[in-house]
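Working notes for the structure below.
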Amino acid sequence: MDYLYTEYYLVVDLATGEAEEVELEEEFVQENVGGAKLNMALYEEHKDGEPIVLGTGPFTSTLVPGGCLGVITAKSPVTGDVAHAPITWNAGAELKLSGYSFVVIKNKADNPTYLWLHDEIADFVDASALWGKDVWETVDVIRDEQGEDRIQLLSIGKAGENKLSTAQVMNNYWGDGDRFGFGALFGEKNLKAVAVRGMGELDIDDAEAFIEKTEELLGKVKSALPGQSGLDAIDFADIPDDAKAALKSQLHRVEADFNNPFAYKFFLKYREDPSVMKSTDVEEPGVLISDPMGLAALLKAGVPADAVGEVFEKAFKLGLNPAAVASKLSGKDKDAALAELDSLAESSEAEKFEATFSPFAPSSDRMEAAYIAGICPVLASKVEALNAEMFAELMSIGTGMDFDADAFKM
Amino acid sequence: MDSIARSQKIGIYIGMGASYSWIWFVKTFDALGFHNVYFIDENDVCEGVLLHFDCFILPGGDPFQVAEGLETDGLAAIRRFVEEGGTYIGVCAGTYLSIIFHDDPLPWLNFEKVPVNNFSLDPPEAIRMKYKYLVSYQDGYVYHPVRGPLRVTDGTISFSAPLYGGPPMIAPREYIMLEYEGFEDKTLYLIEEDKAFETMIGYAAGIHIPVGAGQLYLFGPHCEHPQYPQANNYLNDVLARITPQSDGPGRTATDILHGEKKKRFLTSVKRELSSARIIASGMTDLRWKIGEKIWEDEKITYFLTETWKTIKQLQKHECLPVKDPSTLISMARRIHVLLSDIRTLSKEGRDTNTEAAELIDLTKLLSKGLFDCYFNYKRRSWMPDGKDCGRDYSGGKCLCMHTVR
Amino acid sequence: MAIKVDPEKCINCGACELGCSFYRDEVFTTMSASVMMYREEKKNYFGIMLKREDDMILGRPEGVEIQKEGEESDSDAGASAKPILLREPCDNCKNAMCVRFCPTGSLIEVD
């Protein structure tokens, strides 16, 4: 594919340690567009290998506002159906720029492995020494091993290693939108992590028109989000006012996904005065609240607001999905909740919990289109202009091919 | 200039003491259509390889180290090359190395007495970059008044070219080709502007000296810098004056790689280079003093980036005429390991000069190996008998240079 | 035109890197920009660096510092300006893409 995507996608066989580059054909993109939809086509094609498909949309890593999204497609251990989980933050963007817009990961590795994708290179790296390490240690070790802090990691912690359906695929140090137990699938495959670093580039067919349209769209996005960010912006999650007040006392800065104007993620500092702006010796001052619905679930279960940050941190380190384990923490104080998380990451039993297509915001046509386009679903839920018609127009300009709004439906 | 006129055999010195600026020559020569470009180190010079060239280029770097690397034999071979009709182009270090600018000169090439106006026993004080504005030479100092772009003129046209330490020369009128004409908005002053003006402006920036049957073209500024097209055109005109008459050093490839073999080779190098590039782009604030020259980590990254771009170009070629592919893979692997070690050691606050010296050397050699592949490929139709050899490889027709001497 | 940096408004989205890289190469990449994000992710410490012709603007959360080429930073913060030295310096282009695509006004054009 000449435009908006990389030339190849990758098919990885963990059992044989082979990685095959396959040309991403225009016809295939014309038919399946990208994101969750194209992932689905690849899933079907490689079904026998029980694949995990990592994919990006046409606008991932572009200037289209919210163009951060990657999607994980696999059969969910929670629902038994094929499902799509969003990858926000920077991993989707770095994946595409690593040279592979899509990666199909088949079969099971004999030994713990991590996949290292960079500059059209796919390396299988022995992860025996990482097995048993928590998510934060894993991120630090891999970044140190490969030598750069901009490397993005999708990894699992103890919960994933123990193949629990409450396990999540983590995004660097933080949780993300995996409500489908894909962390358990990583564990099943002996896949500790996928590390990506994108130093490549993407071409655009009619670059000038694409930029003009994108800038116009950015204007609409900004006017739909007047000054909204962080805790005040996550009105789609049910956060009680008193909890908000308590959280504000720990609030440090808001932060955004790759090219996402909507900074709905925010950092709680509880091991350091949140007003401290310098980088200090406190190595782990707090946690990024990257999962508003998880926050709502923990608060609803009665986790005290001033302890919720530390509970998040613990869940993230263990690779647990906070929303999936929230009910188990009901009525527990901080120490008891933290101890319970340790035990939940070991336990092979998990309660049934609700797994939804879109964990961040209510499902809608726009959300579906965003999952195909590679646009942050949280942003898409907020901005009407981010819709299938707009995506079809932009993709036609960017690729020189014809797409209509129906293309952005599953 | 037509393509025949561009058939001069050009040797660029990349041995001990050469800085990364030789890559500028590579890029500019490629853009100008000069593809008979070869890379030479001190051993090649000593072994007499210059006899096969029309033109020898000594680019920027550290003249003390270049002289040390070439030793007496290498320096003598260069002198002989020029006296017997060769053209020597010196830039910056290559210029200092070839002229006599002190009453008691170090034993360098010392072709001709050409004083420089930036030598002083009592140099002006630096206002920035104190660590690199001054180099000690015998009883005094060579100082660098400015860095970056400035204007030069040949009396008719005036253009911009960047200066990174090259001298303002005092030469007889008949030798002068270019003079420093003025500074630009983007000129970076390392000493006070008025003193910089006094030192530089009106003095020679480029000179031409006949020596025996040959000649010297010596420049302060880097006319070869690919971002200065007018300066590149000037360089093009200088090269046009050189009559192509040498046969070139002959075949530099040992293997012609096609299909899967080519892909495997390039992927192996790419894997290591990519990892190296990733580490290098995350390196912070490292600086090494190797010889008299200060090296910063950005220069390593520059090498890696340019080498990376070359690999991307090589991927597009039908075949790859390459010398010792397995050695190139080992070099790439070692570069990755060295960068990893430098990163770890520097985090621990330990000295990394030894590793950096090896790294700089290896990045240079790997770049050379890959640029050789590139020019080998480009040259195929230029060879006296360089037609398609007609051999078949995996169903594809071989387009390369089996028939080269 | 020159660029002014207000690091307090930065949300670390990197649109500036994409925008400036596009201006230079007409492709989407983060690698050829004169402006670069830096981040100590675990600490939520992030900001912007802008390479200019003879210095660098370090937009740190605690304030803006101008660092001359080849001189040590006077701050002991971990973030370093070094990698960006490889990049092309800002050419003070008009109607700069980094500014146009910065969603928060963290980068603005000044005369």
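If you're wondering about the labels, chains in the structure tokens are A, B, ... by order shown, residues count from 1 in each chain, ligands from 1 in order shown.
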
Select from stretch 74-301 of chain B everything DSSP, run on the backbone, classes as strand (DSSP E), then give the selection as an MDAnalysis selection string.
-> chainID B and resid 87:91 99:100 112:113 119:120 134:137 140:143 146:153 158:163 176:183 188:189 204:211 214:219 255:257 287:290 293:296

Determine which residues of stretch 243-352 of chain A DSSP labels as alpha helix (DSSP H) from the backbone of this structure, then write them out as a PyMOL selection string.
-> chain A and resi 243-248+292-300+308-318+322-325+334-346

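With only C-alpha atoms taken into account, chain A has Leu117, His118, Asp119, Glu120, Ile121, Ala122, Asp123, Arg143, Asp144, Glu145, Gln146, Gly147, Glu148, Asp149, Arg150, Ile151, Arg197, Gly198 and Met199 of chain A at most 10 Å from chain B.
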
Requested write-out: N, CA, C and O atoms of the selected residues, as a PDB file, in the first residue's frame:
```pdb
ATOM      1  N   LEU A 117       9.699  -5.058  17.402  1.00  0.00           N
ATOM      2  CA  LEU A 117       9.460  -4.573  16.044  1.00  0.00           C
ATOM      3  C   LEU A 117      10.043  -3.174  15.867  1.00  0.00           C
ATOM      4  O   LEU A 117       9.680  -2.253  16.597  1.00  0.00           O
ATOM      5  N   HIS A 118      10.926  -3.052  14.895  1.00  0.00           N
ATOM      6  CA  HIS A 118      11.566  -1.748  14.685  1.00  0.00           C
ATOM      7  C   HIS A 118      12.084  -1.666  13.269  1.00  0.00           C
ATOM      8  O   HIS A 118      12.727  -2.613  12.788  1.00  0.00           O
ATOM      9  N   ASP A 119      11.794  -0.586  12.575  1.00  0.00           N
ATOM     10  CA  ASP A 119      12.377  -0.363  11.247  1.00  0.00           C
ATOM     11  C   ASP A 119      12.230  -1.569  10.323  1.00  0.00           C
ATOM     12  O   ASP A 119      13.209  -2.032   9.725  1.00  0.00           O
ATOM     13  N   GLU A 120      11.030  -2.092  10.211  1.00  0.00           N
ATOM     14  CA  GLU A 120      10.773  -3.255   9.348  1.00  0.00           C
ATOM     15  C   GLU A 120      11.604  -4.469   9.743  1.00  0.00           C
ATOM     16  O   GLU A 120      11.977  -5.292   8.902  1.00  0.00           O
ATOM     17  N   ILE A 121      11.913  -4.558  10.991  1.00  0.00           N
ATOM     18  CA  ILE A 121      12.616  -5.726  11.512  1.00  0.00           C
ATOM     19  C   ILE A 121      11.751  -6.332  12.610  1.00  0.00           C
ATOM     20  O   ILE A 121      11.233  -5.611  13.465  1.00  0.00           O
ATOM     21  N   ALA A 122      11.591  -7.653  12.579  1.00  0.00           N
ATOM     22  CA  ALA A 122      10.861  -8.345  13.649  1.00  0.00           C
ATOM     23  C   ALA A 122      11.826  -9.290  14.340  1.00  0.00           C
ATOM     24  O   ALA A 122      12.340 -10.215  13.725  1.00  0.00           O
ATOM     25  N   ASP A 123      12.102  -9.025  15.602  1.00  0.00           N
ATOM     26  CA  ASP A 123      13.014  -9.883  16.357  1.00  0.00           C
ATOM     27  C   ASP A 123      12.247 -10.632  17.434  1.00  0.00           C
ATOM     28  O   ASP A 123      11.389 -10.063  18.120  1.00  0.00           O
ATOM     29  N   ARG A 143      13.078  -1.455  27.758  1.00  0.00           N
ATOM     30  CA  ARG A 143      13.575  -0.156  27.268  1.00  0.00           C
ATOM     31  C   ARG A 143      15.084  -0.051  27.479  1.00  0.00           C
ATOM     32  O   ARG A 143      15.801   0.473  26.635  1.00  0.00           O
ATOM     33  N   ASP A 144      15.526  -0.571  28.616  1.00  0.00           N
ATOM     34  CA  ASP A 144      16.955  -0.515  28.885  1.00  0.00           C
ATOM     35  C   ASP A 144      17.711  -1.440  27.931  1.00  0.00           C
ATOM     36  O   ASP A 144      18.746  -1.060  27.372  1.00  0.00           O
ATOM     37  N   GLU A 145      17.166  -2.636  27.732  1.00  0.00           N
ATOM     38  CA  GLU A 145      17.809  -3.629  26.868  1.00  0.00           C
ATOM     39  C   GLU A 145      17.922  -3.107  25.427  1.00  0.00           C
ATOM     40  O   GLU A 145      18.943  -3.270  24.772  1.00  0.00           O
ATOM     41  N   GLN A 146      16.870  -2.496  24.952  1.00  0.00           N
ATOM     42  CA  GLN A 146      16.867  -2.030  23.566  1.00  0.00           C
ATOM     43  C   GLN A 146      17.323  -0.584  23.448  1.00  0.00           C
ATOM     44  O   GLN A 146      17.482  -0.074  22.342  1.00  0.00           O
ATOM     45  N   GLY A 147      17.459   0.078  24.583  1.00  0.00           N
ATOM     46  CA  GLY A 147      18.191   1.332  24.590  1.00  0.00           C
ATOM     47  C   GLY A 147      17.424   2.614  24.343  1.00  0.00           C
ATOM     48  O   GLY A 147      18.032   3.620  24.010  1.00  0.00           O
ATOM     49  N   GLU A 148      16.123   2.622  24.478  1.00  0.00           N
ATOM     50  CA  GLU A 148      15.418   3.897  24.258  1.00  0.00           C
ATOM     51  C   GLU A 148      14.118   3.973  25.044  1.00  0.00           C
ATOM     52  O   GLU A 148      13.386   2.996  25.133  1.00  0.00           O
ATOM     53  N   ASP A 149      13.855   5.144  25.563  1.00  0.00           N
ATOM     54  CA  ASP A 149      12.643   5.308  26.362  1.00  0.00           C
ATOM     55  C   ASP A 149      11.404   5.531  25.520  1.00  0.00           C
ATOM     56  O   ASP A 149      10.293   5.537  26.047  1.00  0.00           O
ATOM     57  N   ARG A 150      11.584   5.773  24.238  1.00  0.00           N
ATOM     58  CA  ARG A 150      10.393   5.970  23.404  1.00  0.00           C
ATOM     59  C   ARG A 150       9.841   4.645  22.872  1.00  0.00           C
ATOM     60  O   ARG A 150       8.856   4.627  22.148  1.00  0.00           O
ATOM     61  N   ILE A 151      10.495   3.561  23.217  1.00  0.00           N
ATOM     62  CA  ILE A 151       9.950   2.247  22.837  1.00  0.00           C
ATOM     63  C   ILE A 151       8.611   2.055  23.562  1.00  0.00           C
ATOM     64  O   ILE A 151       8.497   2.333  24.747  1.00  0.00           O
ATOM     65  N   ARG A 197       9.069   0.418  18.095  1.00  0.00           N
ATOM     66  CA  ARG A 197       9.628   1.771  17.971  1.00  0.00           C
ATOM     67  C   ARG A 197       9.525   2.165  16.505  1.00  0.00           C
ATOM     68  O   ARG A 197       9.990   1.450  15.617  1.00  0.00           O
ATOM     69  N   GLY A 198       8.887   3.301  16.266  1.00  0.00           N
ATOM     70  CA  GLY A 198       8.596   3.707  14.895  1.00  0.00           C
ATOM     71  C   GLY A 198       9.459   4.864  14.437  1.00  0.00           C
ATOM     72  O   GLY A 198       9.285   6.000  14.875  1.00  0.00           O
ATOM     73  N   MET A 199      10.375   4.569  13.543  1.00  0.00           N
ATOM     74  CA  MET A 199      11.217   5.625  12.989  1.00  0.00           C
ATOM     75  C   MET A 199      10.979   5.753  11.487  1.00  0.00           C
ATOM     76  O   MET A 199      11.775   6.361  10.776  1.00  0.00           O
TER      77      MET A 199
END
```

Any chance you could tabulate, as a Markdown table, the residues of chain A at most 7 Å from chain C with each one's nearest atom pair and distance in Å to one decimal, using only C-alpha atoms, in chain and rising number order?
```
| residue | atom | partner | partner_atom | distance |
| --- | --- | --- | --- | --- |
| A:Ser61 | CA | C:Phe28 | CA | 7.0 |
| A:Thr62 | CA | C:Phe28 | CA | 5.8 |
| A:Leu63 | CA | C:Leu18 | CA | 6.6 |
| A:Met199 | CA | C:Met31 | CA | 6.4 |
| A:Gly200 | CA | C:Thr29 | CA | 6.3 |
| A:Glu201 | CA | C:Thr29 | CA | 4.6 |
| A:Leu202 | CA | C:Phe28 | CA | 4.9 |
| A:Asp203 | CA | C:Val27 | CA | 5.0 |
| A:Ile204 | CA | C:Val27 | CA | 6.6 |
| A:Ala207 | CA | C:Glu26 | CA | 7.0 |
| A:Val254 | CA | C:Ile11 | CA | 6.4 |
| A:Glu255 | CA | C:Ile11 | CA | 4.7 |
| A:Ala256 | CA | C:Cys13 | CA | 5.3 |
| A:Asp257 | CA | C:Cys13 | CA | 5.7 |
| A:Phe258 | CA | C:Cys13 | CA | 4.7 |
| A:Asn259 | CA | C:Cys13 | CA | 4.6 |
| A:Asn260 | CA | C:Cys13 | CA | 5.9 |
| A:Pro261 | CA | C:Pro103 | CA | 5.4 |
| A:Ala263 | CA | C:Ile11 | CA | 6.5 |
| A:Phe267 | CA | C:Asn44 | CA | 6.8 |
| A:Met277 | CA | C:Glu62 | CA | 5.2 |
| A:Lys278 | CA | C:Glu62 | CA | 5.7 |
| A:Ser279 | CA | C:Ala77 | CA | 5.9 |
| A:Glu283 | CA | C:Lys43 | CA | 6.8 |
| A:Glu284 | CA | C:Lys42 | CA | 6.2 |
| A:Pro285 | CA | C:Lys43 | CA | 6.1 |
```

Near A:Pro77, counting only C-alpha atoms, which residues have an atom at most 9 Å away, once you skip same-chain residues fewer than 2 positions from it, shown as a PDB file with C-alpha atoms, in the first residue's frame?
```
ATOM      1  CA  LYS A  75     -10.968 -14.393  20.446  1.00  0.00           C
ATOM      2  CA  THR A  79     -16.843 -13.677  25.941  1.00  0.00           C
ATOM      3  CA  GLY A  80     -15.774 -16.551  23.708  1.00  0.00           C
ATOM      4  CA  ASP A  81     -16.235 -14.293  20.689  1.00  0.00           C
ATOM      5  CA  LEU A 164      -6.565 -15.101  34.020  1.00  0.00           C
ATOM      6  CA  SER A 165      -9.492 -13.616  32.177  1.00  0.00           C
ATOM      7  CA  PHE A 180     -11.541  -9.012  26.880  1.00  0.00           C
ATOM      8  CA  GLY A 181      -8.837 -10.820  28.787  1.00  0.00           C
ATOM      9  CA  PHE A 182      -6.372 -10.566  25.926  1.00  0.00           C
ATOM     10  CA  ALA A 184      -4.510 -14.190  29.168  1.00  0.00           C
ATOM     11  CA  LEU A 185      -4.003 -14.870  25.453  1.00  0.00           C
TER      12      LEU A 185
END
```

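Here atom CA of A:Glu384 is placed at a distance of 14.9 Å from atom CA of A:Phe408.
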
Surrounding residues of stretch 298-307 of chain A excluding itself and chain neighbours under 2 positions, 6 Å, only C-alpha atoms, as a VMD selection string | chain A and resid 243 295 to 296 309 to 310 326 to 327 330 to 331 334

Restricting the output to all heavy atoms, write the selected residues as a short mmCIF file (atom, residue, chain, number, x, y, z; two decimals), in the first residue's frame.
```cif
data_model
loop_
_atom_site.label_atom_id
_atom_site.label_comp_id
_atom_site.auth_asym_id
_atom_site.auth_seq_id
_atom_site.Cartn_x
_atom_site.Cartn_y
_atom_site.Cartn_z
N ALA A 243 -15.66 12.21 45.33
CA ALA A 243 -14.43 11.51 44.90
C ALA A 243 -13.59 12.44 44.05
O ALA A 243 -12.36 12.49 44.18
CB ALA A 243 -14.78 10.25 44.13
N LEU A 295 -11.63 3.58 36.71
CA LEU A 295 -11.68 4.46 37.89
C LEU A 295 -13.08 4.48 38.48
O LEU A 295 -13.26 4.32 39.71
CB LEU A 295 -11.26 5.88 37.47
CG LEU A 295 -11.32 6.95 38.54
CD1 LEU A 295 -10.30 6.71 39.65
CD2 LEU A 295 -11.08 8.34 37.94
N ALA A 296 -14.06 4.62 37.61
CA ALA A 296 -15.45 4.66 38.07
C ALA A 296 -15.82 3.35 38.77
O ALA A 296 -16.47 3.35 39.83
CB ALA A 296 -16.38 4.91 36.88
N GLY A 309 -5.51 5.68 43.53
CA GLY A 309 -4.30 5.76 42.72
C GLY A 309 -3.38 4.57 42.99
O GLY A 309 -2.90 3.91 42.06
N GLU A 310 -3.17 4.30 44.25
CA GLU A 310 -2.27 3.19 44.60
C GLU A 310 -2.85 1.84 44.19
O GLU A 310 -2.12 0.91 43.82
CB GLU A 310 -1.95 3.21 46.09
CG GLU A 310 -0.91 4.26 46.42
CD GLU A 310 -0.56 4.32 47.89
OE1 GLU A 310 0.20 3.47 48.35
OE2 GLU A 310 -1.09 5.24 48.56
N ALA A 326 -12.80 -4.97 40.31
CA ALA A 326 -13.31 -3.95 41.25
C ALA A 326 -14.23 -4.57 42.31
O ALA A 326 -14.09 -4.28 43.51
CB ALA A 326 -14.04 -2.86 40.47
N SER A 327 -15.11 -5.46 41.88
CA SER A 327 -16.10 -5.99 42.82
C SER A 327 -15.43 -6.77 43.95
O SER A 327 -15.95 -6.86 45.06
CB SER A 327 -17.11 -6.87 42.08
OG SER A 327 -16.43 -7.99 41.54
N SER A 330 -14.49 -4.63 47.11
CA SER A 330 -15.58 -3.96 47.81
C SER A 330 -15.39 -4.02 49.33
O SER A 330 -15.10 -5.09 49.89
CB SER A 330 -16.90 -4.63 47.40
OG SER A 330 -17.95 -3.96 48.02
N GLY A 331 -15.52 -2.88 49.95
CA GLY A 331 -15.47 -2.80 51.41
C GLY A 331 -14.08 -2.92 52.00
O GLY A 331 -13.90 -2.99 53.21
N LYS A 334 -7.31 0.39 52.02
CA LYS A 334 -6.22 0.39 51.02
C LYS A 334 -5.35 -0.86 51.13
O LYS A 334 -5.13 -1.57 50.15
CB LYS A 334 -5.37 1.65 51.19
CG LYS A 334 -4.29 1.77 50.12
CD LYS A 334 -3.51 3.06 50.22
CE LYS A 334 -2.38 2.92 51.21
NZ LYS A 334 -1.56 4.13 51.32
#
```

Nearest candidate to A:Asp206 (options A:Met395, A:Leu38, A:Gly157, A:Ala19; using only C-alpha atoms) = A:Met395

Non-local contacts of stretch 167-176 of chain A (6 Å; only C-alpha atoms; under 3 positions in same chain excluded) as a VMD selection string | chain A and resid 136 153 to 156 159 to 160 164 181 to 184 316 319 to 321

Counting only C-alpha atoms, the option among B:Thr254, B:Asn36, B:Gln8, B:Thr187 closest to chain C = B:Thr187

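Among the candidates B:Gly220, B:Gly182, B:Gly148, B:Gly94, the residue lying nearest to chain C is B:Gly148 (atoms considered: only C-alpha atoms).
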
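Minimum distance to B:Pro149 across B:Pro162, B:Pro124, B:Gly60, B:Gly248 (counting only C-alpha atoms) occurs at B:Pro162.
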
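One distance worth recording is that between atom CA of B:Glu174 and atom CA of B:Val82, which is 19.3 Å.
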
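We find atom CA of C:Leu107 and atom CA of C:Ile3 to be spaced 6.5 Å apart.
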
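Among the candidates C:Glu53, C:Val35, C:Lys4, C:Gly47, the residue lying nearest to chain B is C:Glu53 (atoms considered: only C-alpha atoms).
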
Spatial neighbours of B:Asn118, 9 Å, only C-alpha atoms, chain gap at least 6 places, as a VMD selection string = chain B and resid 141 to 145 167 to 169 199 to 200
